[in-house]
$ cat start.pdb   # PDB, C-alpha atoms and all ligand atoms
ATOM      1  CA  MET X   1      11.552  79.957 -54.256
ATOM      2  CA  SER X   2      13.547  80.807 -51.184
ATOM      3  CA  PRO X   3      12.153  81.906 -47.853
ATOM      4  CA  THR X   4      11.937  85.626 -47.189
ATOM      5  CA  LEU X   5      12.622  85.145 -43.502
ATOM      6  CA  PRO X   6      15.140  82.967 -41.699
ATOM      7  CA  VAL X   7      12.494  80.486 -40.762
ATOM      8  CA  GLN X   8      12.990  76.854 -39.963
ATOM      9  CA  HIS X   9      10.040  74.621 -40.533
ATOM     10  CA  ARG X  10       9.941  71.400 -38.661
ATOM     11  CA  LEU X  11       7.721  68.451 -38.898
ATOM     12  CA  PHE X  12       5.751  67.315 -35.924
ATOM     13  CA  ARG X  13       3.960  64.192 -35.207
ATOM     14  CA  SER X  14       0.559  64.127 -33.601
ATOM     15  CA  PHE X  15       1.711  62.964 -30.219
ATOM     16  CA  PHE X  16      -1.674  62.264 -28.783
ATOM     17  CA  GLY X  17      -1.304  58.581 -29.479
ATOM     18  CA  ASP X  18       0.897  58.580 -26.412
ATOM     19  CA  ARG X  19      -1.969  59.485 -24.140
ATOM     20  CA  LEU X  20      -4.261  56.641 -25.087
ATOM     21  CA  PRO X  21      -3.901  53.918 -22.516
ATOM     22  CA  HIS X  22      -5.505  50.789 -23.922
ATOM     23  CA  SER X  23      -6.821  49.147 -27.024
ATOM     24  CA  SER X  24     -10.242  49.671 -28.530
ATOM     25  CA  ARG X  25     -10.836  48.438 -32.064
ATOM     26  CA  PRO X  26     -13.552  50.864 -33.225
ATOM     27  CA  LEU X  27     -11.250  53.824 -32.943
ATOM     28  CA  SER X  28      -9.770  53.246 -36.313
ATOM     29  CA  GLN X  29     -10.008  56.696 -37.790
ATOM     30  CA  LEU X  30     -10.278  59.158 -35.004
ATOM     31  CA  LEU X  31      -8.582  62.460 -34.600
ATOM     32  CA  GLY X  32      -5.297  61.260 -35.912
ATOM     33  CA  LEU X  33      -4.731  59.693 -32.537
ATOM     34  CA  ASP X  34      -4.724  56.055 -33.348
ATOM     35  CA  SER X  35      -1.420  54.434 -34.167
ATOM     36  CA  GLY X  36      -3.383  51.679 -35.904
ATOM     37  CA  LYS X  37      -3.816  54.199 -38.669
ATOM     38  CA  ARG X  38      -0.089  54.115 -39.212
ATOM     39  CA  HIS X  39       0.626  57.780 -39.062
ATOM     40  CA  ALA X  40       2.840  58.297 -41.972
ATOM     41  CA  LEU X  41       4.899  61.047 -40.426
ATOM     42  CA  VAL X  42       5.799  59.992 -36.987
ATOM     43  CA  LEU X  43       8.530  60.487 -34.487
ATOM     44  CA  SER X  44       8.323  59.675 -30.839
ATOM     45  CA  THR X  45       7.686  62.649 -28.612
ATOM     46  CA  ARG X  46      10.838  61.891 -26.764
ATOM     47  CA  THR X  47      12.911  61.698 -29.905
ATOM     48  CA  TYR X  48      11.696  64.862 -31.459
ATOM     49  CA  CYS X  49      12.210  66.829 -28.278
ATOM     50  CA  ASN X  50      15.802  65.685 -28.246
ATOM     51  CA  LEU X  51      16.211  66.623 -31.873
ATOM     52  CA  ALA X  52      14.663  69.974 -31.153
ATOM     53  CA  ASP X  53      17.254  70.582 -28.464
ATOM     54  CA  LEU X  54      19.846  69.870 -31.052
ATOM     55  CA  LEU X  55      18.444  71.831 -33.956
ATOM     56  CA  PHE X  56      16.492  74.734 -32.614
ATOM     57  CA  SER X  57      18.687  77.777 -32.372
ATOM     58  CA  GLY X  58      16.046  80.121 -30.973
ATOM     59  CA  ARG X  59      17.271  82.937 -33.180
ATOM     60  CA  ASN X  60      13.839  83.592 -34.680
ATOM     61  CA  SER X  61      11.641  83.136 -31.684
ATOM     62  CA  GLU X  62      11.834  86.674 -30.323
ATOM     63  CA  TRP X  63      11.029  88.242 -33.652
ATOM     64  CA  LEU X  64       8.143  85.862 -34.157
ATOM     65  CA  ARG X  65       6.749  86.378 -30.664
ATOM     66  CA  ASN X  66       6.586  90.124 -31.134
ATOM     67  CA  GLN X  67       4.411  89.898 -34.200
ATOM     68  CA  ARG X  68       1.153  88.947 -32.538
ATOM     69  CA  LYS X  69      -0.515  88.430 -29.205
ATOM     70  CA  PRO X  70       0.036  85.038 -27.617
ATOM     71  CA  LEU X  71      -2.903  82.689 -27.699
ATOM     72  CA  LYS X  72      -4.857  82.496 -24.450
ATOM     73  CA  PRO X  73      -7.673  80.193 -23.372
ATOM     74  CA  GLY X  74     -11.141  81.642 -23.927
ATOM     75  CA  LYS X  75     -14.498  80.636 -22.527
ATOM     76  CA  VAL X  76     -15.729  77.205 -23.613
ATOM     77  CA  SER X  77     -19.483  77.001 -24.155
ATOM     78  CA  PRO X  78     -21.599  74.062 -22.917
ATOM     79  CA  ARG X  79     -21.410  70.786 -24.777
ATOM     80  CA  LEU X  80     -23.702  70.597 -27.817
ATOM     81  CA  HIS X  81     -26.527  68.111 -28.182
ATOM     82  CA  VAL X  82     -26.574  65.229 -30.665
ATOM     83  CA  PRO X  83     -30.005  63.811 -31.622
ATOM     84  CA  VAL X  84     -30.681  60.346 -30.211
ATOM     85  CA  HIS X  85     -31.227  58.756 -33.626
ATOM     86  CA  ILE X  86     -27.608  59.395 -34.653
ATOM     87  CA  PRO X  87     -25.358  56.392 -33.950
ATOM     88  CA  LYS X  88     -22.540  57.258 -31.595
ATOM     89  CA  PRO X  89     -19.089  55.724 -31.420
ATOM     90  CA  PRO X  90     -18.628  53.365 -28.458
ATOM     91  CA  TYR X  91     -16.263  55.662 -26.566
ATOM     92  CA  VAL X  92     -18.956  58.302 -26.120
ATOM     93  CA  LYS X  93     -20.891  56.207 -23.634
ATOM     94  CA  SER X  94     -17.825  54.740 -21.994
ATOM     95  CA  SER X  95     -16.166  56.462 -19.080
ATOM     96  CA  GLN X  96     -12.866  54.990 -20.177
ATOM     97  CA  ALA X  97     -10.527  56.763 -22.510
ATOM     98  CA  PRO X  98     -10.407  55.165 -25.933
ATOM     99  CA  GLY X  99      -7.436  53.072 -26.835
ATOM    100  CA  ILE X 100      -4.999  52.347 -29.586
ATOM    101  CA  CYS X 101      -5.324  49.734 -32.242
ATOM    102  CA  HIS X 102      -1.938  48.419 -33.299
ATOM    103  CA  LEU X 103      -3.110  46.457 -36.311
ATOM    104  CA  PRO X 104      -3.265  47.943 -39.795
ATOM    105  CA  GLU X 105      -6.774  48.915 -40.813
ATOM    106  CA  ILE X 106      -7.647  46.775 -43.857
ATOM    107  CA  HIS X 107     -11.072  47.054 -45.469
ATOM    108  CA  ASP X 108     -13.165  44.903 -47.767
ATOM    109  CA  GLU X 109     -15.258  46.463 -50.561
ATOM    110  CA  ARG X 110     -18.097  47.422 -48.261
ATOM    111  CA  GLY X 111     -15.712  48.920 -45.731
ATOM    112  CA  ILE X 112     -14.005  50.916 -48.480
ATOM    113  CA  GLU X 113     -17.353  52.304 -49.632
ATOM    114  CA  CYS X 114     -18.164  53.334 -46.059
ATOM    115  CA  MET X 115     -14.743  54.942 -45.672
ATOM    116  CA  ARG X 116     -15.334  56.855 -48.921
ATOM    117  CA  ALA X 117     -18.680  58.092 -47.638
ATOM    118  CA  SER X 118     -17.389  59.267 -44.261
ATOM    119  CA  GLY X 119     -14.311  60.767 -45.927
ATOM    120  CA  ARG X 120     -16.417  62.692 -48.419
ATOM    121  CA  LEU X 121     -18.632  64.099 -45.697
ATOM    122  CA  ALA X 122     -15.618  65.123 -43.605
ATOM    123  CA  ALA X 123     -14.180  66.913 -46.651
ATOM    124  CA  GLN X 124     -17.438  68.742 -47.335
ATOM    125  CA  VAL X 125     -17.684  69.867 -43.728
ATOM    126  CA  LEU X 126     -14.075  71.033 -43.764
ATOM    127  CA  GLU X 127     -14.592  72.977 -46.972
ATOM    128  CA  TYR X 128     -17.643  74.674 -45.501
ATOM    129  CA  ALA X 129     -15.829  75.446 -42.239
ATOM    130  CA  GLY X 130     -13.034  77.080 -44.222
ATOM    131  CA  THR X 131     -15.469  79.469 -45.905
ATOM    132  CA  LEU X 132     -16.472  80.769 -42.484
ATOM    133  CA  VAL X 133     -12.989  81.872 -41.462
ATOM    134  CA  LYS X 134     -12.876  85.650 -41.128
ATOM    135  CA  PRO X 135     -11.878  88.250 -38.514
ATOM    136  CA  GLY X 136     -14.414  88.560 -35.709
ATOM    137  CA  LEU X 137     -15.744  85.015 -35.911
ATOM    138  CA  THR X 138     -15.114  82.932 -32.807
ATOM    139  CA  THR X 139     -13.816  79.385 -32.906
ATOM    140  CA  ASP X 140     -16.977  78.505 -30.964
ATOM    141  CA  ASP X 141     -18.990  79.814 -33.944
ATOM    142  CA  ILE X 142     -17.039  77.439 -36.197
ATOM    143  CA  ASP X 143     -17.716  74.565 -33.809
ATOM    144  CA  LYS X 144     -21.445  75.249 -33.793
ATOM    145  CA  ALA X 145     -21.620  75.407 -37.601
ATOM    146  CA  VAL X 146     -19.543  72.232 -38.023
ATOM    147  CA  HIS X 147     -21.616  70.399 -35.409
ATOM    148  CA  GLN X 148     -24.861  71.338 -37.131
ATOM    149  CA  MET X 149     -23.703  70.288 -40.589
ATOM    150  CA  ILE X 150     -22.452  66.929 -39.315
ATOM    151  CA  ILE X 151     -25.646  66.025 -37.470
ATOM    152  CA  ASP X 152     -27.759  67.303 -40.391
ATOM    153  CA  ASN X 153     -26.005  64.622 -42.446
ATOM    154  CA  GLY X 154     -26.799  61.888 -39.951
ATOM    155  CA  ALA X 155     -23.247  61.613 -38.641
ATOM    156  CA  TYR X 156     -21.642  62.092 -35.246
ATOM    157  CA  PRO X 157     -18.855  64.659 -34.690
ATOM    158  CA  SER X 158     -16.119  62.248 -33.577
ATOM    159  CA  PRO X 159     -14.145  64.587 -31.282
ATOM    160  CA  LEU X 160     -17.176  65.251 -29.050
ATOM    161  CA  GLY X 161     -16.646  63.164 -25.937
ATOM    162  CA  TYR X 162     -13.469  61.527 -27.201
ATOM    163  CA  GLY X 163     -11.392  61.065 -24.054
ATOM    164  CA  GLY X 164     -13.329  63.977 -22.553
ATOM    165  CA  PHE X 165     -12.802  66.391 -25.450
ATOM    166  CA  PRO X 166     -15.636  68.912 -25.006
ATOM    167  CA  LYS X 167     -16.281  70.089 -28.572
ATOM    168  CA  SER X 168     -17.143  68.798 -32.043
ATOM    169  CA  VAL X 169     -14.075  69.965 -33.955
ATOM    170  CA  CYS X 170     -10.482  70.982 -33.210
ATOM    171  CA  THR X 171      -9.558  74.585 -34.002
ATOM    172  CA  SER X 172      -5.848  75.296 -33.707
ATOM    173  CA  VAL X 173      -4.975  78.976 -34.122
ATOM    174  CA  ASN X 174      -1.461  80.370 -34.816
ATOM    175  CA  GLU X 175       1.000  78.771 -32.378
ATOM    176  CA  CYS X 176      -1.475  76.030 -31.515
ATOM    177  CA  ILE X 177      -0.052  72.842 -33.033
ATOM    178  CA  CYS X 178      -3.181  70.717 -32.721
ATOM    179  CA  HIS X 179      -6.221  69.849 -30.600
ATOM    180  CA  GLY X 180      -7.221  73.420 -29.876
ATOM    181  CA  ILE X 181     -10.616  73.598 -28.154
ATOM    182  CA  PRO X 182     -13.132  75.961 -29.797
ATOM    183  CA  ASP X 183     -13.887  78.844 -27.462
ATOM    184  CA  SER X 184     -14.879  82.513 -27.263
ATOM    185  CA  ARG X 185     -11.693  83.850 -28.896
ATOM    186  CA  GLU X 186     -12.422  85.893 -31.989
ATOM    187  CA  LEU X 187     -10.283  85.290 -35.040
ATOM    188  CA  GLU X 188      -8.036  88.237 -35.857
ATOM    189  CA  ASP X 189      -6.770  89.636 -39.114
ATOM    190  CA  GLY X 190      -3.519  87.789 -39.906
ATOM    191  CA  ASP X 191      -4.305  84.618 -37.964
ATOM    192  CA  ILE X 192      -3.867  81.153 -39.389
ATOM    193  CA  ILE X 193      -6.195  78.422 -38.183
ATOM    194  CA  ASN X 194      -6.146  74.667 -38.593
ATOM    195  CA  ILE X 195      -9.599  73.108 -38.553
ATOM    196  CA  ASP X 196      -9.583  69.345 -37.980
ATOM    197  CA  VAL X 197     -12.861  67.639 -38.847
ATOM    198  CA  THR X 198     -13.648  64.015 -38.022
ATOM    199  CA  VAL X 199     -17.080  62.521 -38.669
ATOM    200  CA  TYR X 200     -18.457  59.134 -37.643
ATOM    201  CA  LEU X 201     -20.788  57.870 -40.367
ATOM    202  CA  ASN X 202     -22.186  54.336 -40.601
ATOM    203  CA  GLY X 203     -19.557  53.109 -38.181
ATOM    204  CA  TYR X 204     -16.548  54.680 -39.928
ATOM    205  CA  HIS X 205     -14.505  57.751 -39.077
ATOM    206  CA  GLY X 206     -13.434  60.156 -41.835
ATOM    207  CA  ASP X 207     -10.670  62.518 -40.724
ATOM    208  CA  THR X 208      -9.243  65.571 -42.500
ATOM    209  CA  SER X 209      -7.794  68.955 -41.650
ATOM    210  CA  ALA X 210      -6.513  72.078 -43.345
ATOM    211  CA  THR X 211      -4.956  75.358 -42.299
ATOM    212  CA  PHE X 212      -6.830  78.475 -43.409
ATOM    213  CA  LEU X 213      -5.733  82.095 -43.673
ATOM    214  CA  CYS X 214      -7.759  84.719 -41.824
ATOM    215  CA  GLY X 215      -7.734  88.119 -43.550
ATOM    216  CA  ASN X 216      -4.328  89.541 -44.442
ATOM    217  CA  VAL X 217      -1.713  86.995 -43.507
ATOM    218  CA  ASP X 218       1.977  87.859 -43.806
ATOM    219  CA  ASP X 219       4.154  86.182 -46.410
ATOM    220  CA  ALA X 220       6.112  84.012 -43.983
ATOM    221  CA  ALA X 221       2.933  82.499 -42.541
ATOM    222  CA  LYS X 222       1.511  82.010 -46.028
ATOM    223  CA  GLN X 223       4.650  80.175 -47.011
ATOM    224  CA  LEU X 224       4.491  77.956 -43.938
ATOM    225  CA  VAL X 225       0.939  77.006 -44.843
ATOM    226  CA  GLN X 226       1.790  76.411 -48.493
ATOM    227  CA  VAL X 227       4.816  74.227 -47.724
ATOM    228  CA  THR X 228       2.841  72.184 -45.207
ATOM    229  CA  ARG X 229       0.149  71.549 -47.826
ATOM    230  CA  GLU X 230       2.809  70.521 -50.369
ATOM    231  CA  CYS X 231       4.350  68.158 -47.807
ATOM    232  CA  LEU X 232       1.051  66.346 -47.471
ATOM    233  CA  TYR X 233       0.596  65.898 -51.223
ATOM    234  CA  LYS X 234       4.203  64.870 -51.736
ATOM    235  CA  ALA X 235       3.778  62.259 -49.024
ATOM    236  CA  ILE X 236       0.576  60.936 -50.573
ATOM    237  CA  SER X 237       2.188  60.709 -53.998
ATOM    238  CA  ILE X 238       4.627  57.989 -52.967
ATOM    239  CA  CYS X 239       2.085  55.764 -51.204
ATOM    240  CA  ALA X 240       1.283  52.374 -52.765
ATOM    241  CA  PRO X 241       1.104  48.716 -51.757
ATOM    242  CA  GLY X 242       4.472  47.467 -50.508
ATOM    243  CA  VAL X 243       5.984  50.904 -49.873
ATOM    244  CA  ALA X 244       7.689  51.198 -46.500
ATOM    245  CA  TYR X 245       6.185  53.829 -44.218
ATOM    246  CA  HIS X 246       9.531  55.444 -43.603
ATOM    247  CA  LYS X 247       9.812  56.279 -47.332
ATOM    248  CA  ILE X 248       7.303  59.047 -46.796
ATOM    249  CA  GLY X 249       9.641  60.985 -44.576
ATOM    250  CA  GLN X 250      12.505  60.543 -47.009
ATOM    251  CA  ALA X 251      10.392  61.759 -49.919
ATOM    252  CA  ILE X 252       9.465  64.932 -48.101
ATOM    253  CA  LYS X 253      12.995  65.693 -47.059
ATOM    254  CA  PHE X 254      14.247  65.283 -50.606
ATOM    255  CA  SER X 255      11.410  67.229 -52.142
ATOM    256  CA  PHE X 256      11.810  70.249 -49.915
ATOM    257  CA  ALA X 257      15.565  70.374 -49.705
ATOM    258  CA  ASN X 258      15.573  73.539 -51.827
ATOM    259  CA  TYR X 259      13.693  75.484 -49.200
ATOM    260  CA  ASN X 260      16.561  75.400 -46.771
ATOM    261  CA  PHE X 261      14.122  74.464 -44.042
ATOM    262  CA  ILE X 262      14.767  71.828 -41.494
ATOM    263  CA  LEU X 263      12.056  69.260 -41.886
ATOM    264  CA  PHE X 264      11.414  66.590 -39.357
ATOM    265  CA  ALA X 265      10.309  63.590 -41.273
ATOM    266  CA  ALA X 266      11.701  60.772 -39.207
ATOM    267  CA  ASN X 267       9.471  57.797 -38.918
ATOM    268  CA  ASN X 268       9.681  55.049 -36.330
ATOM    269  CA  GLU X 269       6.948  53.025 -37.927
ATOM    270  CA  ASN X 270       8.063  49.674 -39.276
ATOM    271  CA  GLY X 271       6.366  47.781 -42.044
ATOM    272  CA  HIS X 272       4.875  48.328 -45.454
ATOM    273  CA  MET X 273       1.628  49.678 -46.829
ATOM    274  CA  LEU X 274      -0.981  47.065 -47.646
ATOM    275  CA  LEU X 275      -3.650  46.927 -50.331
ATOM    276  CA  GLY X 276      -6.997  48.019 -48.887
ATOM    277  CA  GLN X 277      -5.396  49.751 -45.915
ATOM    278  CA  THR X 278      -6.499  53.187 -44.755
ATOM    279  CA  PHE X 279      -4.537  55.649 -42.650
ATOM    280  CA  THR X 280      -4.045  59.365 -42.246
ATOM    281  CA  ILE X 281      -1.098  61.495 -43.231
ATOM    282  CA  GLU X 282      -0.904  64.697 -41.251
ATOM    283  CA  PRO X 283       2.308  66.721 -41.423
ATOM    284  CA  MET X 284       2.676  69.540 -38.929
ATOM    285  CA  LEU X 285       5.325  72.191 -39.490
ATOM    286  CA  THR X 286       6.371  75.118 -37.351
ATOM    287  CA  MET X 287       8.441  78.207 -37.954
ATOM    288  CA  GLY X 288      10.483  77.777 -34.815
ATOM    289  CA  SER X 289      10.527  75.443 -31.866
ATOM    290  CA  ILE X 290       9.020  72.004 -32.167
ATOM    291  CA  LYS X 291       8.739  71.733 -28.409
ATOM    292  CA  PRO X 292       5.087  71.532 -27.422
ATOM    293  CA  VAL X 293       3.532  72.929 -24.286
ATOM    294  CA  ILE X 294       0.180  71.454 -23.264
ATOM    295  CA  TRP X 295      -2.306  73.762 -21.585
ATOM    296  CA  SER X 296      -4.007  72.790 -18.337
ATOM    297  CA  ASP X 297      -7.082  71.722 -20.346
ATOM    298  CA  GLY X 298      -5.048  68.617 -21.221
ATOM    299  CA  TRP X 299      -5.529  69.088 -24.974
ATOM    300  CA  THR X 300      -4.306  72.366 -26.416
ATOM    301  CA  ALA X 301      -0.750  71.933 -27.684
ATOM    302  CA  VAL X 302       1.166  75.124 -28.487
ATOM    303  CA  THR X 303       4.747  75.694 -29.593
ATOM    304  CA  LYS X 304       6.965  76.541 -26.664
ATOM    305  CA  ASP X 305       8.355  79.657 -28.321
ATOM    306  CA  GLY X 306       5.014  80.863 -29.682
ATOM    307  CA  SER X 307       6.023  80.350 -33.301
ATOM    308  CA  LEU X 308       3.353  79.585 -35.880
ATOM    309  CA  SER X 309       2.370  76.020 -36.685
ATOM    310  CA  ALA X 310       0.434  74.632 -39.655
ATOM    311  CA  GLN X 311      -1.034  71.228 -40.448
ATOM    312  CA  PHE X 312      -2.854  69.458 -43.269
ATOM    313  CA  GLU X 313      -4.386  66.000 -43.141
ATOM    314  CA  HIS X 314      -6.057  63.474 -45.414
ATOM    315  CA  THR X 315      -7.321  59.960 -44.860
ATOM    316  CA  ILE X 316      -6.037  57.770 -47.693
ATOM    317  CA  LEU X 317      -6.710  54.294 -49.044
ATOM    318  CA  ILE X 318      -3.882  52.166 -50.397
ATOM    319  CA  ALA X 319      -5.191  51.072 -53.777
ATOM    320  CA  GLU X 320      -3.580  48.922 -56.435
ATOM    321  CA  HIS X 321      -1.727  51.702 -58.223
ATOM    322  CA  GLY X 322      -1.223  54.200 -55.444
ATOM    323  CA  ALA X 323      -3.094  56.170 -52.830
ATOM    324  CA  GLU X 324      -6.691  57.246 -53.134
ATOM    325  CA  ILE X 325      -7.531  60.329 -51.095
ATOM    326  CA  LEU X 326     -10.754  59.527 -49.276
ATOM    327  CA  THR X 327     -11.266  62.942 -47.730
ATOM    328  CA  GLN X 328     -12.065  65.022 -50.762
ATOM    329  CA  CYS X 329     -15.340  66.450 -51.994
TER     330      CYS X 329
HETATM  331 CO    CO X 401      -7.709  64.918 -37.828
END

$ encode --input "start.pdb" --output "structure tokens"
Amino acid sequence: MSPTLPVQHRLFRSFFGDRLPHSSRPLSQLLGLDSGKRHALVLSTRTYCNLADLLFSGRNSEWLRNQRKPLKPGKVSPRLHVPVHIPKPPYVKSSQAPGICHLPEIHDERGIECMRASGRLAAQVLEYAGTLVKPGLTTDDIDKAVHQMIIDNGAYPSPLGYGGFPKSVCTSVNECICHGIPDSRELEDGDIINIDVTVYLNGYHGDTSATFLCGNVDDAAKQLVQVTRECLYKAISICAPGVAYHKIGQAIKFSFANYNFILFAANNENGHMLLGQTFTIEPMLTMGSIKPVIWSDGWTAVTKDGSLSAQFEHTILIAEHGAEILTQC
């Protein structure tokens, strides 16, 4: 299959690890922000901006910009309540921003069972959230539904209160790369939306995201979403004990060479995967610029040229014979 439009998909990293100032062990599985999870597809913000300067021609950005209205901040509703009986992660009560854990996250049998449970719940919530996506629904509506399902299951919605994040889920529409804040904006026919669900259950975070199509989405956007999903599964397929993290990037590049896209799959992470380790893999691809612009809310990251961005994410366990996906129903 070859692309119908002269699009260039590039891989992002979740750069929010850069904003976390100090270490805090319990943040093992949150939001894709913790470098202790060994993001499998990483590139320093600085490096990828430089590469973007080099690679991004800008030839598609005008065409892409004209296709839809730019995303604008909407109204953010008041913070939702979590019942007192639900255990909260330590950062919720702390005024300090949560930190980064630099050690690999290795679990014993009990820890693995807990990770499976939180992963399964996160996957169920994500699947449900995806069924809600339709024109006219607001991202705030999605947040409310996700929040309710998580607390109904005795878990805490991890994003709520994380470093001041005001909502229970991240909703990243169209050119929003990640960490979009649910608000009063109604979804429109042709939008794509990444929903990133993280739940805190029995002391463990389960983290997963997917990009959903809203109504009639054009072929180029569909292809972006499809290729991003394939990137995630290709990456997972090579994971096993002893495999170097940087192999993931190489596998993706090789696998998608036929698309004639430019994929960013560089990886600065040293070391090898360990038995019993959990981490997330979360490729982000865009159709144009990989330069992010952060809104004044301090969270919402959009592509500088307004081009579409897609992301998929699973939390995986390194098992004896390969990776086990923890975030599936
Ligand atoms: Co996530």

$ closest_atom_pairs --input "start.pdb" --of "chain X" --to "ligand CO 401 (chain X)" --cutoff "10 Å" --atoms "all atoms listed in the file" --output "Markdown table"
| residue | atom | partner | partner_atom | distance |
| --- | --- | --- | --- | --- |
| X:Ser14 | CA | X:CO401 | CO | 9.3 |
| X:Gln29 | CA | X:CO401 | CO | 8.5 |
| X:Leu30 | CA | X:CO401 | CO | 6.9 |
| X:Leu31 | CA | X:CO401 | CO | 4.2 |
| X:Gly32 | CA | X:CO401 | CO | 4.8 |
| X:Leu33 | CA | X:CO401 | CO | 8.0 |
| X:Ala122 | CA | X:CO401 | CO | 9.8 |
| X:Ser158 | CA | X:CO401 | CO | 9.8 |
| X:Pro159 | CA | X:CO401 | CO | 9.2 |
| X:Val169 | CA | X:CO401 | CO | 9.0 |
| X:Cys170 | CA | X:CO401 | CO | 8.1 |
| X:Cys178 | CA | X:CO401 | CO | 9.0 |
| X:His179 | CA | X:CO401 | CO | 8.9 |
| X:Asn194 | CA | X:CO401 | CO | 9.9 |
| X:Ile195 | CA | X:CO401 | CO | 8.4 |
| X:Asp196 | CA | X:CO401 | CO | 4.8 |
| X:Val197 | CA | X:CO401 | CO | 5.9 |
| X:Thr198 | CA | X:CO401 | CO | 6.0 |
| X:Val199 | CA | X:CO401 | CO | 9.7 |
| X:His205 | CA | X:CO401 | CO | 10.0 |
| X:Gly206 | CA | X:CO401 | CO | 8.5 |
| X:Asp207 | CA | X:CO401 | CO | 4.8 |
| X:Thr208 | CA | X:CO401 | CO | 5.0 |
| X:Ser209 | CA | X:CO401 | CO | 5.6 |
| X:Ala210 | CA | X:CO401 | CO | 9.1 |
| X:Thr280 | CA | X:CO401 | CO | 8.0 |
| X:Ile281 | CA | X:CO401 | CO | 9.2 |
| X:Glu282 | CA | X:CO401 | CO | 7.6 |
| X:Gln311 | CA | X:CO401 | CO | 9.6 |
| X:Phe312 | CA | X:CO401 | CO | 8.6 |
| X:Glu313 | CA | X:CO401 | CO | 6.4 |
| X:His314 | CA | X:CO401 | CO | 7.9 |
| X:Thr315 | CA | X:CO401 | CO | 8.6 |

$ atom_distance --input "start.pdb" --atom1 "atom CA of Thr171 of chain X" --atom2 "atom CA of Phe279 of chain X"
21.4 Å

$ atom_distance --input "start.pdb" --atom1 "atom CA of Ser172 of chain X" --atom2 "atom CA of Ile193 of chain X"
5.5 Å

$ residues_near_point --input "start.pdb" --point "(-1.8, 74.9, -31.1)" --cutoff "9 Å" --atoms "all atoms listed in the file" --output "list in words"
Leu71, Thr171, Ser172, Val173, Asn174, Glu175, Cys176, Ile177, Cys178, His179, Gly180, Asn194, Pro292, Val293, Ile294, Thr300, Ala301, Val302, Thr303, Leu308, Ser309 and Ala310 of chain X

$ resolve_selection --input "start.pdb" --expression "the PyMOL selection byres (((chain X and resi 166) around 12) and not hetatm)" --output "PyMOL selection string"
chain X and resi 76-81+92+140+143+157-165+167-170+179-183+297-300

$ write_last_selection --input "start.pdb" --atoms "C-alpha atoms" --output "short mmCIF file (atom, residue, chain, number, x, y, z; two decimals), in the frame of the given file"
data_model
loop_
_atom_site.label_atom_id
_atom_site.label_comp_id
_atom_site.auth_asym_id
_atom_site.auth_seq_id
_atom_site.Cartn_x
_atom_site.Cartn_y
_atom_site.Cartn_z
CA VAL X 76 -15.73 77.20 -23.61
CA SER X 77 -19.48 77.00 -24.16
CA PRO X 78 -21.60 74.06 -22.92
CA ARG X 79 -21.41 70.79 -24.78
CA LEU X 80 -23.70 70.60 -27.82
CA HIS X 81 -26.53 68.11 -28.18
CA VAL X 92 -18.96 58.30 -26.12
CA ASP X 140 -16.98 78.50 -30.96
CA ASP X 143 -17.72 74.56 -33.81
CA PRO X 157 -18.86 64.66 -34.69
CA SER X 158 -16.12 62.25 -33.58
CA PRO X 159 -14.14 64.59 -31.28
CA LEU X 160 -17.18 65.25 -29.05
CA GLY X 161 -16.65 63.16 -25.94
CA TYR X 162 -13.47 61.53 -27.20
CA GLY X 163 -11.39 61.06 -24.05
CA GLY X 164 -13.33 63.98 -22.55
CA PHE X 165 -12.80 66.39 -25.45
CA LYS X 167 -16.28 70.09 -28.57
CA SER X 168 -17.14 68.80 -32.04
CA VAL X 169 -14.08 69.96 -33.96
CA CYS X 170 -10.48 70.98 -33.21
CA HIS X 179 -6.22 69.85 -30.60
CA GLY X 180 -7.22 73.42 -29.88
CA ILE X 181 -10.62 73.60 -28.15
CA PRO X 182 -13.13 75.96 -29.80
CA ASP X 183 -13.89 78.84 -27.46
CA ASP X 297 -7.08 71.72 -20.35
CA GLY X 298 -5.05 68.62 -21.22
CA TRP X 299 -5.53 69.09 -24.97
CA THR X 300 -4.31 72.37 -26.42
#

$ atom_distance --input "start.pdb" --atom1 "atom CA of Gly242 of chain X" --atom2 "atom CA of Leu275 of chain X"
8.1 Å

$ closest_residue --input "start.pdb" --among "X:Ile318, X:Ile238, X:Leu213, X:Leu187" --to "Thr138 of chain X" --atoms "all atoms listed in the file"
X:Leu187

$ resolve_selection --input "start.pdb" --expression "the PyMOL selection byres (((chain X and resi 215-222) around 7) and not hetatm)" --output "PDB file with C-alpha atoms, in the coordinates of the input"
ATOM      1  CA  THR X   4      11.937  85.626 -47.189  1.00  0.00           C
ATOM      2  CA  LEU X   5      12.622  85.145 -43.502  1.00  0.00           C
ATOM      3  CA  LYS X 134     -12.876  85.650 -41.128  1.00  0.00           C
ATOM      4  CA  PRO X 135     -11.878  88.250 -38.514  1.00  0.00           C
ATOM      5  CA  ASP X 189      -6.770  89.636 -39.114  1.00  0.00           C
ATOM      6  CA  GLY X 190      -3.519  87.789 -39.906  1.00  0.00           C
ATOM      7  CA  ASP X 191      -4.305  84.618 -37.964  1.00  0.00           C
ATOM      8  CA  LEU X 213      -5.733  82.095 -43.673  1.00  0.00           C
ATOM      9  CA  CYS X 214      -7.759  84.719 -41.824  1.00  0.00           C
ATOM     10  CA  GLN X 223       4.650  80.175 -47.011  1.00  0.00           C
ATOM     11  CA  LEU X 224       4.491  77.956 -43.938  1.00  0.00           C
ATOM     12  CA  VAL X 225       0.939  77.006 -44.843  1.00  0.00           C
ATOM     13  CA  GLN X 226       1.790  76.411 -48.493  1.00  0.00           C
TER      14      GLN X 226
END

$ closest_residue --input "start.pdb" --among "X:Pro70, X:Gly322, X:Gly276, X:Pro83" --to "Glu109 of chain X" --atoms "all atoms listed in the file"
X:Gly276
